$ cat entry-v8.pdb   # PDB, C-alpha atoms and all ligand atoms
MODEL        1
ATOM      1  CA  MET A   1    -135.900   1.703 -43.024  1.00  0.00           C
ATOM      2  CA  ILE A   2    -136.395   1.486 -46.789  1.00  0.00           C
ATOM      3  CA  GLY A   3    -139.883   1.886 -48.152  1.00  0.00           C
ATOM      4  CA  ARG A   4    -141.276   1.528 -51.646  1.00  0.00           C
ATOM      5  CA  LEU A   5    -139.292   0.807 -54.775  1.00  0.00           C
ATOM      6  CA  ASN A   6    -139.291   4.247 -56.401  1.00  0.00           C
ATOM      7  CA  HIS A   7    -137.730   3.236 -59.716  1.00  0.00           C
ATOM      8  CA  VAL A   8    -135.438   0.920 -61.597  1.00  0.00           C
ATOM      9  CA  ALA A   9    -133.009   2.770 -63.874  1.00  0.00           C
ATOM     10  CA  ILE A  10    -131.943   1.174 -67.144  1.00  0.00           C
ATOM     11  CA  ALA A  11    -129.062   2.582 -69.192  1.00  0.00           C
ATOM     12  CA  VAL A  12    -129.885   2.497 -72.898  1.00  0.00           C
ATOM     13  CA  PRO A  13    -127.507   2.791 -75.870  1.00  0.00           C
ATOM     14  CA  ASP A  14    -130.247   4.243 -78.114  1.00  0.00           C
ATOM     15  CA  LEU A  15    -132.767   6.490 -76.382  1.00  0.00           C
ATOM     16  CA  GLU A  16    -135.242   6.738 -79.271  1.00  0.00           C
ATOM     17  CA  ALA A  17    -135.305   2.961 -79.623  1.00  0.00           C
ATOM     18  CA  GLY A  18    -135.787   2.557 -75.874  1.00  0.00           C
ATOM     19  CA  ILE A  19    -138.690   5.021 -75.867  1.00  0.00           C
ATOM     20  CA  ALA A  20    -140.322   3.329 -78.848  1.00  0.00           C
ATOM     21  CA  GLN A  21    -140.004  -0.094 -77.230  1.00  0.00           C
ATOM     22  CA  TYR A  22    -141.575   0.909 -73.917  1.00  0.00           C
ATOM     23  CA  ARG A  23    -144.268   3.088 -75.517  1.00  0.00           C
ATOM     24  CA  ASP A  24    -145.200   1.160 -78.662  1.00  0.00           C
ATOM     25  CA  VAL A  25    -144.311  -2.460 -77.902  1.00  0.00           C
ATOM     26  CA  LEU A  26    -144.805  -2.669 -74.141  1.00  0.00           C
ATOM     27  CA  GLY A  27    -147.651  -0.133 -74.159  1.00  0.00           C
ATOM     28  CA  ALA A  28    -146.426   1.956 -71.212  1.00  0.00           C
ATOM     29  CA  LYS A  29    -146.894   5.664 -70.535  1.00  0.00           C
ATOM     30  CA  VAL A  30    -143.560   7.317 -71.388  1.00  0.00           C
ATOM     31  CA  SER A  31    -142.543  10.933 -70.643  1.00  0.00           C
ATOM     32  CA  GLU A  32    -140.676  13.326 -72.896  1.00  0.00           C
ATOM     33  CA  PRO A  33    -136.871  13.089 -72.507  1.00  0.00           C
ATOM     34  CA  GLN A  34    -135.573  15.397 -69.761  1.00  0.00           C
ATOM     35  CA  ASP A  35    -131.969  16.606 -69.713  1.00  0.00           C
ATOM     36  CA  GLU A  36    -130.298  16.491 -66.304  1.00  0.00           C
ATOM     37  CA  PRO A  37    -127.011  18.349 -66.887  1.00  0.00           C
ATOM     38  CA  ASP A  38    -126.026  18.142 -63.206  1.00  0.00           C
ATOM     39  CA  HIS A  39    -126.175  14.347 -63.411  1.00  0.00           C
ATOM     40  CA  GLY A  40    -124.825  13.923 -66.958  1.00  0.00           C
ATOM     41  CA  VAL A  41    -127.875  12.055 -68.196  1.00  0.00           C
ATOM     42  CA  THR A  42    -131.019  12.436 -70.241  1.00  0.00           C
ATOM     43  CA  VAL A  43    -133.893  10.675 -68.477  1.00  0.00           C
ATOM     44  CA  VAL A  44    -137.174   9.285 -69.734  1.00  0.00           C
ATOM     45  CA  PHE A  45    -139.735   8.238 -67.134  1.00  0.00           C
ATOM     46  CA  VAL A  46    -141.829   5.167 -67.812  1.00  0.00           C
ATOM     47  CA  GLU A  47    -144.855   5.110 -65.509  1.00  0.00           C
ATOM     48  CA  LEU A  48    -146.052   1.711 -64.350  1.00  0.00           C
ATOM     49  CA  PRO A  49    -148.987   1.160 -61.983  1.00  0.00           C
ATOM     50  CA  ASN A  50    -146.731   0.280 -59.040  1.00  0.00           C
ATOM     51  CA  THR A  51    -143.398   1.950 -59.785  1.00  0.00           C
ATOM     52  CA  LYS A  52    -141.362   3.694 -62.480  1.00  0.00           C
ATOM     53  CA  ILE A  53    -138.680   2.699 -64.921  1.00  0.00           C
ATOM     54  CA  GLU A  54    -136.148   5.367 -65.858  1.00  0.00           C
ATOM     55  CA  LEU A  55    -134.327   5.098 -69.146  1.00  0.00           C
ATOM     56  CA  LEU A  56    -130.907   6.775 -68.813  1.00  0.00           C
ATOM     57  CA  TYR A  57    -128.874   8.034 -71.733  1.00  0.00           C
ATOM     58  CA  PRO A  58    -125.500   9.824 -71.520  1.00  0.00           C
ATOM     59  CA  LEU A  59    -125.527  13.636 -71.671  1.00  0.00           C
ATOM     60  CA  GLY A  60    -122.314  15.603 -72.157  1.00  0.00           C
ATOM     61  CA  GLU A  61    -118.663  14.659 -72.082  1.00  0.00           C
ATOM     62  CA  ASN A  62    -118.261  13.094 -68.657  1.00  0.00           C
ATOM     63  CA  SER A  63    -121.497  11.241 -68.198  1.00  0.00           C
ATOM     64  CA  PRO A  64    -121.333   8.839 -65.250  1.00  0.00           C
ATOM     65  CA  ILE A  65    -123.161   6.199 -67.295  1.00  0.00           C
ATOM     66  CA  GLN A  66    -120.847   6.243 -70.324  1.00  0.00           C
ATOM     67  CA  GLY A  67    -118.440   3.747 -68.756  1.00  0.00           C
ATOM     68  CA  PHE A  68    -121.353   1.479 -67.872  1.00  0.00           C
ATOM     69  CA  LEU A  69    -122.570   1.522 -71.491  1.00  0.00           C
ATOM     70  CA  ASP A  70    -119.030   0.918 -72.759  1.00  0.00           C
ATOM     71  CA  LYS A  71    -119.022  -2.299 -70.703  1.00  0.00           C
ATOM     72  CA  ASN A  72    -122.665  -3.187 -71.341  1.00  0.00           C
ATOM     73  CA  THR A  73    -123.146  -2.353 -74.988  1.00  0.00           C
ATOM     74  CA  SER A  74    -126.783  -3.526 -75.119  1.00  0.00           C
ATOM     75  CA  GLY A  75    -127.574  -1.427 -72.032  1.00  0.00           C
ATOM     76  CA  GLY A  76    -128.511  -2.829 -68.647  1.00  0.00           C
ATOM     77  CA  ILE A  77    -129.985  -2.252 -65.223  1.00  0.00           C
ATOM     78  CA  HIS A  78    -127.953   0.606 -63.755  1.00  0.00           C
ATOM     79  CA  HIS A  79    -129.493   1.086 -60.303  1.00  0.00           C
ATOM     80  CA  VAL A  80    -132.543   0.586 -58.134  1.00  0.00           C
ATOM     81  CA  CYS A  81    -134.019   3.373 -56.018  1.00  0.00           C
ATOM     82  CA  TYR A  82    -135.621   2.818 -52.630  1.00  0.00           C
ATOM     83  CA  GLU A  83    -137.611   5.451 -50.788  1.00  0.00           C
ATOM     84  CA  VAL A  84    -136.663   6.559 -47.276  1.00  0.00           C
ATOM     85  CA  ASP A  85    -138.360   8.983 -44.905  1.00  0.00           C
ATOM     86  CA  ASP A  86    -135.162  10.592 -43.598  1.00  0.00           C
ATOM     87  CA  ILE A  87    -132.146  10.416 -45.870  1.00  0.00           C
ATOM     88  CA  LEU A  88    -129.634  11.734 -43.338  1.00  0.00           C
ATOM     89  CA  ALA A  89    -130.741   9.227 -40.702  1.00  0.00           C
ATOM     90  CA  ALA A  90    -130.548   6.471 -43.335  1.00  0.00           C
ATOM     91  CA  ARG A  91    -127.054   7.584 -44.383  1.00  0.00           C
ATOM     92  CA  ASP A  92    -125.778   7.672 -40.821  1.00  0.00           C
ATOM     93  CA  LYS A  93    -127.153   4.219 -40.075  1.00  0.00           C
ATOM     94  CA  LEU A  94    -125.671   2.787 -43.280  1.00  0.00           C
ATOM     95  CA  GLN A  95    -122.268   4.361 -42.708  1.00  0.00           C
ATOM     96  CA  ALA A  96    -122.261   3.035 -39.143  1.00  0.00           C
ATOM     97  CA  SER A  97    -122.860  -0.444 -40.616  1.00  0.00           C
ATOM     98  CA  GLY A  98    -119.801  -0.030 -42.864  1.00  0.00           C
ATOM     99  CA  ALA A  99    -121.612   0.711 -46.139  1.00  0.00           C
ATOM    100  CA  ARG A 100    -119.979   3.255 -48.414  1.00  0.00           C
ATOM    101  CA  VAL A 101    -121.891   6.295 -49.630  1.00  0.00           C
ATOM    102  CA  LEU A 102    -120.663   7.577 -52.988  1.00  0.00           C
ATOM    103  CA  GLY A 103    -119.364  11.099 -53.529  1.00  0.00           C
ATOM    104  CA  ASP A 104    -118.945  13.423 -50.570  1.00  0.00           C
ATOM    105  CA  GLY A 105    -121.733  11.692 -48.641  1.00  0.00           C
ATOM    106  CA  GLU A 106    -124.048  14.682 -48.845  1.00  0.00           C
ATOM    107  CA  PRO A 107    -127.450  14.242 -50.542  1.00  0.00           C
ATOM    108  CA  LYS A 108    -127.887  15.814 -53.972  1.00  0.00           C
ATOM    109  CA  ILE A 109    -131.140  16.824 -55.629  1.00  0.00           C
ATOM    110  CA  GLY A 110    -132.156  14.022 -57.981  1.00  0.00           C
ATOM    111  CA  ALA A 111    -134.253  13.845 -61.137  1.00  0.00           C
ATOM    112  CA  HIS A 112    -137.490  14.201 -59.145  1.00  0.00           C
ATOM    113  CA  GLY A 113    -136.369  17.304 -57.232  1.00  0.00           C
ATOM    114  CA  LYS A 114    -135.842  15.304 -54.018  1.00  0.00           C
ATOM    115  CA  PRO A 115    -132.635  14.551 -52.063  1.00  0.00           C
ATOM    116  CA  VAL A 116    -130.828  11.388 -53.171  1.00  0.00           C
ATOM    117  CA  LEU A 117    -127.708   9.402 -52.246  1.00  0.00           C
ATOM    118  CA  PHE A 118    -125.995   6.457 -53.918  1.00  0.00           C
ATOM    119  CA  LEU A 119    -124.511   3.458 -52.107  1.00  0.00           C
ATOM    120  CA  HIS A 120    -121.492   1.530 -53.320  1.00  0.00           C
ATOM    121  CA  PRO A 121    -122.520  -1.509 -55.398  1.00  0.00           C
ATOM    122  CA  LYS A 122    -119.822  -3.685 -53.812  1.00  0.00           C
ATOM    123  CA  ASP A 123    -121.589  -3.288 -50.476  1.00  0.00           C
ATOM    124  CA  PHE A 124    -124.989  -4.311 -51.942  1.00  0.00           C
ATOM    125  CA  ASN A 125    -124.523  -7.523 -53.906  1.00  0.00           C
ATOM    126  CA  GLY A 126    -123.221  -5.776 -56.988  1.00  0.00           C
ATOM    127  CA  THR A 127    -126.193  -3.425 -57.240  1.00  0.00           C
ATOM    128  CA  LEU A 128    -125.899   0.342 -57.263  1.00  0.00           C
ATOM    129  CA  VAL A 129    -128.547   1.537 -54.786  1.00  0.00           C
ATOM    130  CA  GLU A 130    -130.079   4.996 -54.790  1.00  0.00           C
ATOM    131  CA  LEU A 131    -131.952   6.282 -51.766  1.00  0.00           C
ATOM    132  CA  GLU A 132    -134.511   9.019 -52.274  1.00  0.00           C
ATOM    133  CA  GLN A 133    -136.166  10.952 -49.492  1.00  0.00           C
ATOM    134  CA  VAL A 134    -139.880  11.217 -50.185  1.00  0.00           C
TER
HETATM  135 CO    CO A 201    -132.384   7.001 -60.115  1.00  0.00          CO
ENDMDL
END
$ encode --input "entry-v8.pdb" --output "structure tokens"
Amino acid sequence: MIGRLNHVAIAVPDLEAGIAQYRDVLGAKVSEPQDEPDHGVTVVFVELPNTKIELLYPLGENSPIQGFLDKNTSGGIHHVCYEVDDILAARDKLQASGARVLGDGEPKIGAHGKPVLFLHPKDFNGTLVELEQV
């Protein structure tokens, strides 16, 4: 059901330092920061030959990643994103298997303009999983 790894998202406590590290030290192609007010994050896309890394930084008062950064003060891997062909079919199959879909269970439009869902980390070995329909 799942296809390619679309991205790994890393929460960073200092966005400028994260950008400089990936661009200047690791030599990767790094986008301009993009504010995503609907998701409470500022995102920077790091393009790798086979996938992407997304650096996430809190935006606004109730950012969903603030609590994560409070617990992980050096930052950390926040989620992985797998591609699916049909997000509603994937959701229904996962829910039938007992996996929990976060929020109201309806896909939202993610940072790439495509429908996404998040799956409860306790159902996936402690890893927050994002599904993106491509
Ligand atoms: Co993501």
$ residues_around --input "entry-v8.pdb" --residues "A:Leu94" --least-positions-apart "2" --cutoff "12 Å" --atoms "all atoms listed in the file" --output "list in words"
Met1, Ile2, Ile87, Leu88, Ala89, Ala90, Arg91, Asp92, Ala96, Ser97, Gly98, Ala99, Arg100, Val101, Leu102, Gly105, Leu117, Phe118, Leu119, His120, Asp123, Phe124, Val129 and Leu131 of chain A
$ closest_atom_pairs --input "entry-v8.pdb" --of "chain A" --to "ligand CO 201 (chain A)" --cutoff "12 Å" --atoms "only C-alpha atoms and all ligand atoms" --output "CSV"
residue,atom,partner,partner_atom,distance
A:Leu5,CA,A:CO201,CO,10.7
A:Asn6,CA,A:CO201,CO,8.3
A:His7,CA,A:CO201,CO,6.6
A:Val8,CA,A:CO201,CO,7.0
A:Ala9,CA,A:CO201,CO,5.7
A:Ile10,CA,A:CO201,CO,9.1
A:Ala11,CA,A:CO201,CO,10.6
A:Glu36,CA,A:CO201,CO,11.5
A:His39,CA,A:CO201,CO,10.2
A:Val41,CA,A:CO201,CO,10.5
A:Thr42,CA,A:CO201,CO,11.6
A:Val43,CA,A:CO201,CO,9.3
A:Val44,CA,A:CO201,CO,11.0
A:Phe45,CA,A:CO201,CO,10.2
A:Lys52,CA,A:CO201,CO,9.9
A:Ile53,CA,A:CO201,CO,9.0
A:Glu54,CA,A:CO201,CO,7.1
A:Leu55,CA,A:CO201,CO,9.4
A:Leu56,CA,A:CO201,CO,8.8
A:Ile65,CA,A:CO201,CO,11.7
A:Ile77,CA,A:CO201,CO,10.8
A:His78,CA,A:CO201,CO,8.6
A:His79,CA,A:CO201,CO,6.6
A:Val80,CA,A:CO201,CO,6.7
A:Cys81,CA,A:CO201,CO,5.7
A:Tyr82,CA,A:CO201,CO,9.2
A:Glu83,CA,A:CO201,CO,10.8
A:Lys108,CA,A:CO201,CO,11.6
A:Ile109,CA,A:CO201,CO,10.9
A:Gly110,CA,A:CO201,CO,7.3
A:Ala111,CA,A:CO201,CO,7.2
A:His112,CA,A:CO201,CO,8.9
A:Gly113,CA,A:CO201,CO,11.4
A:Lys114,CA,A:CO201,CO,10.9
A:Pro115,CA,A:CO201,CO,11.0
A:Val116,CA,A:CO201,CO,8.4
A:Leu117,CA,A:CO201,CO,9.5
A:Phe118,CA,A:CO201,CO,8.9
A:Leu119,CA,A:CO201,CO,11.8
A:Leu128,CA,A:CO201,CO,9.7
A:Val129,CA,A:CO201,CO,8.5
A:Glu130,CA,A:CO201,CO,6.1
A:Leu131,CA,A:CO201,CO,8.4
A:Glu132,CA,A:CO201,CO,8.4
A:Gln133,CA,A:CO201,CO,11.9
$ atom_distance --input "entry-v8.pdb" --atom1 "atom CA of A:Val12" --atom2 "atom CA of A:Gly75"
4.6 Å
$ atom_distance --input "entry-v8.pdb" --atom1 "atom CA of A:Val84" --atom2 "atom CA of A:Asn62"
29.0 Å
$ closest_residue --input "entry-v8.pdb" --among "A:Asp38, A:Asp104, A:Asp24, A:Glu47" --to "A:Leu59" --atoms "all atoms listed in the file"
A:Asp38
$ atom_distance --input "entry-v8.pdb" --atom1 "atom CA of A:Glu61" --atom2 "atom CA of A:Gly40"
8.0 Å
$ build_atoms --input "entry-v8.pdb" --residues "stretch 97-108 of chain A" --atoms "all heavy atoms" --output "PDB file, in the frame of the given file"
ATOM      1  N   SER A  97    -122.908   0.996 -40.334  1.00  0.00           N
ATOM      2  CA  SER A  97    -122.860  -0.444 -40.616  1.00  0.00           C
ATOM      3  C   SER A  97    -121.691  -0.804 -41.527  1.00  0.00           C
ATOM      4  O   SER A  97    -121.477  -1.972 -41.839  1.00  0.00           O
ATOM      5  CB  SER A  97    -124.165  -0.892 -41.277  1.00  0.00           C
ATOM      6  OG  SER A  97    -124.139  -0.593 -42.667  1.00  0.00           O
ATOM      7  N   GLY A  98    -120.955   0.214 -42.005  1.00  0.00           N
ATOM      8  CA  GLY A  98    -119.801  -0.030 -42.864  1.00  0.00           C
ATOM      9  C   GLY A  98    -120.064   0.160 -44.340  1.00  0.00           C
ATOM     10  O   GLY A  98    -119.165   0.008 -45.165  1.00  0.00           O
ATOM     11  N   ALA A  99    -121.301   0.504 -44.725  1.00  0.00           N
ATOM     12  CA  ALA A  99    -121.612   0.711 -46.139  1.00  0.00           C
ATOM     13  C   ALA A  99    -121.023   2.042 -46.602  1.00  0.00           C
ATOM     14  O   ALA A  99    -120.980   3.010 -45.844  1.00  0.00           O
ATOM     15  CB  ALA A  99    -123.123   0.695 -46.353  1.00  0.00           C
ATOM     16  N   ARG A 100    -120.574   2.044 -47.851  1.00  0.00           N
ATOM     17  CA  ARG A 100    -119.979   3.255 -48.414  1.00  0.00           C
ATOM     18  C   ARG A 100    -121.012   4.065 -49.185  1.00  0.00           C
ATOM     19  O   ARG A 100    -121.720   3.528 -50.037  1.00  0.00           O
ATOM     20  CB  ARG A 100    -118.828   2.888 -49.353  1.00  0.00           C
ATOM     21  CG  ARG A 100    -117.604   2.380 -48.608  1.00  0.00           C
ATOM     22  CD  ARG A 100    -116.623   1.719 -49.548  1.00  0.00           C
ATOM     23  NE  ARG A 100    -117.081   0.381 -49.918  1.00  0.00           N
ATOM     24  CZ  ARG A 100    -116.395  -0.449 -50.722  1.00  0.00           C
ATOM     25  NH1 ARG A 100    -115.259  -0.064 -51.243  1.00  0.00           N
ATOM     26  NH2 ARG A 100    -116.885  -1.641 -51.001  1.00  0.00           N
ATOM     27  N   VAL A 101    -121.045   5.356 -48.892  1.00  0.00           N
ATOM     28  CA  VAL A 101    -121.891   6.295 -49.630  1.00  0.00           C
ATOM     29  C   VAL A 101    -121.008   6.952 -50.679  1.00  0.00           C
ATOM     30  O   VAL A 101    -119.896   7.383 -50.374  1.00  0.00           O
ATOM     31  CB  VAL A 101    -122.494   7.343 -48.672  1.00  0.00           C
ATOM     32  CG1 VAL A 101    -123.292   8.392 -49.434  1.00  0.00           C
ATOM     33  CG2 VAL A 101    -123.366   6.659 -47.621  1.00  0.00           C
ATOM     34  N   LEU A 102    -121.484   7.015 -51.914  1.00  0.00           N
ATOM     35  CA  LEU A 102    -120.663   7.577 -52.988  1.00  0.00           C
ATOM     36  C   LEU A 102    -120.593   9.103 -52.882  1.00  0.00           C
ATOM     37  O   LEU A 102    -121.436   9.736 -52.279  1.00  0.00           O
ATOM     38  CB  LEU A 102    -121.235   7.183 -54.357  1.00  0.00           C
ATOM     39  CG  LEU A 102    -121.288   5.683 -54.643  1.00  0.00           C
ATOM     40  CD1 LEU A 102    -121.682   5.429 -56.098  1.00  0.00           C
ATOM     41  CD2 LEU A 102    -119.947   5.004 -54.351  1.00  0.00           C
ATOM     42  N   GLY A 103    -119.546   9.646 -53.507  1.00  0.00           N
ATOM     43  CA  GLY A 103    -119.364  11.099 -53.529  1.00  0.00           C
ATOM     44  C   GLY A 103    -118.943  11.610 -52.166  1.00  0.00           C
ATOM     45  O   GLY A 103    -118.263  10.906 -51.412  1.00  0.00           O
ATOM     46  N   ASP A 104    -119.366  12.820 -51.843  1.00  0.00           N
ATOM     47  CA  ASP A 104    -118.945  13.423 -50.570  1.00  0.00           C
ATOM     48  C   ASP A 104    -119.874  13.046 -49.421  1.00  0.00           C
ATOM     49  O   ASP A 104    -119.721  13.559 -48.314  1.00  0.00           O
ATOM     50  CB  ASP A 104    -118.839  14.947 -50.713  1.00  0.00           C
ATOM     51  CG  ASP A 104    -120.186  15.606 -51.025  1.00  0.00           C
ATOM     52  OD1 ASP A 104    -121.223  14.896 -51.041  1.00  0.00           O
ATOM     53  OD2 ASP A 104    -120.196  16.822 -51.256  1.00  0.00           O
ATOM     54  N   GLY A 105    -120.843  12.162 -49.703  1.00  0.00           N
ATOM     55  CA  GLY A 105    -121.733  11.692 -48.641  1.00  0.00           C
ATOM     56  C   GLY A 105    -122.895  12.616 -48.359  1.00  0.00           C
ATOM     57  O   GLY A 105    -123.750  12.304 -47.537  1.00  0.00           O
ATOM     58  N   GLU A 106    -122.934  13.753 -49.049  1.00  0.00           N
ATOM     59  CA  GLU A 106    -124.048  14.682 -48.845  1.00  0.00           C
ATOM     60  C   GLU A 106    -125.108  14.435 -49.919  1.00  0.00           C
ATOM     61  O   GLU A 106    -124.760  14.238 -51.088  1.00  0.00           O
ATOM     62  CB  GLU A 106    -123.569  16.136 -48.925  1.00  0.00           C
ATOM     63  CG  GLU A 106    -122.617  16.528 -47.803  1.00  0.00           C
ATOM     64  CD  GLU A 106    -123.202  16.260 -46.416  1.00  0.00           C
ATOM     65  OE1 GLU A 106    -124.392  16.564 -46.199  1.00  0.00           O
ATOM     66  OE2 GLU A 106    -122.477  15.733 -45.558  1.00  0.00           O
ATOM     67  N   PRO A 107    -126.400  14.457 -49.546  1.00  0.00           N
ATOM     68  CA  PRO A 107    -127.450  14.242 -50.542  1.00  0.00           C
ATOM     69  C   PRO A 107    -127.421  15.316 -51.628  1.00  0.00           C
ATOM     70  O   PRO A 107    -127.088  16.468 -51.368  1.00  0.00           O
ATOM     71  CB  PRO A 107    -128.743  14.347 -49.715  1.00  0.00           C
ATOM     72  CG  PRO A 107    -128.322  14.106 -48.305  1.00  0.00           C
ATOM     73  CD  PRO A 107    -126.921  14.611 -48.183  1.00  0.00           C
ATOM     74  N   LYS A 108    -127.730  14.890 -52.853  1.00  0.00           N
ATOM     75  CA  LYS A 108    -127.887  15.814 -53.972  1.00  0.00           C
ATOM     76  C   LYS A 108    -129.350  15.775 -54.400  1.00  0.00           C
ATOM     77  O   LYS A 108    -130.068  14.839 -54.080  1.00  0.00           O
ATOM     78  CB  LYS A 108    -127.005  15.380 -55.145  1.00  0.00           C
ATOM     79  CG  LYS A 108    -125.523  15.535 -54.883  1.00  0.00           C
ATOM     80  CD  LYS A 108    -124.743  15.453 -56.193  1.00  0.00           C
ATOM     81  CE  LYS A 108    -123.298  15.880 -56.018  1.00  0.00           C
ATOM     82  NZ  LYS A 108    -122.628  15.273 -54.864  1.00  0.00           N
TER      83      LYS A 108
END
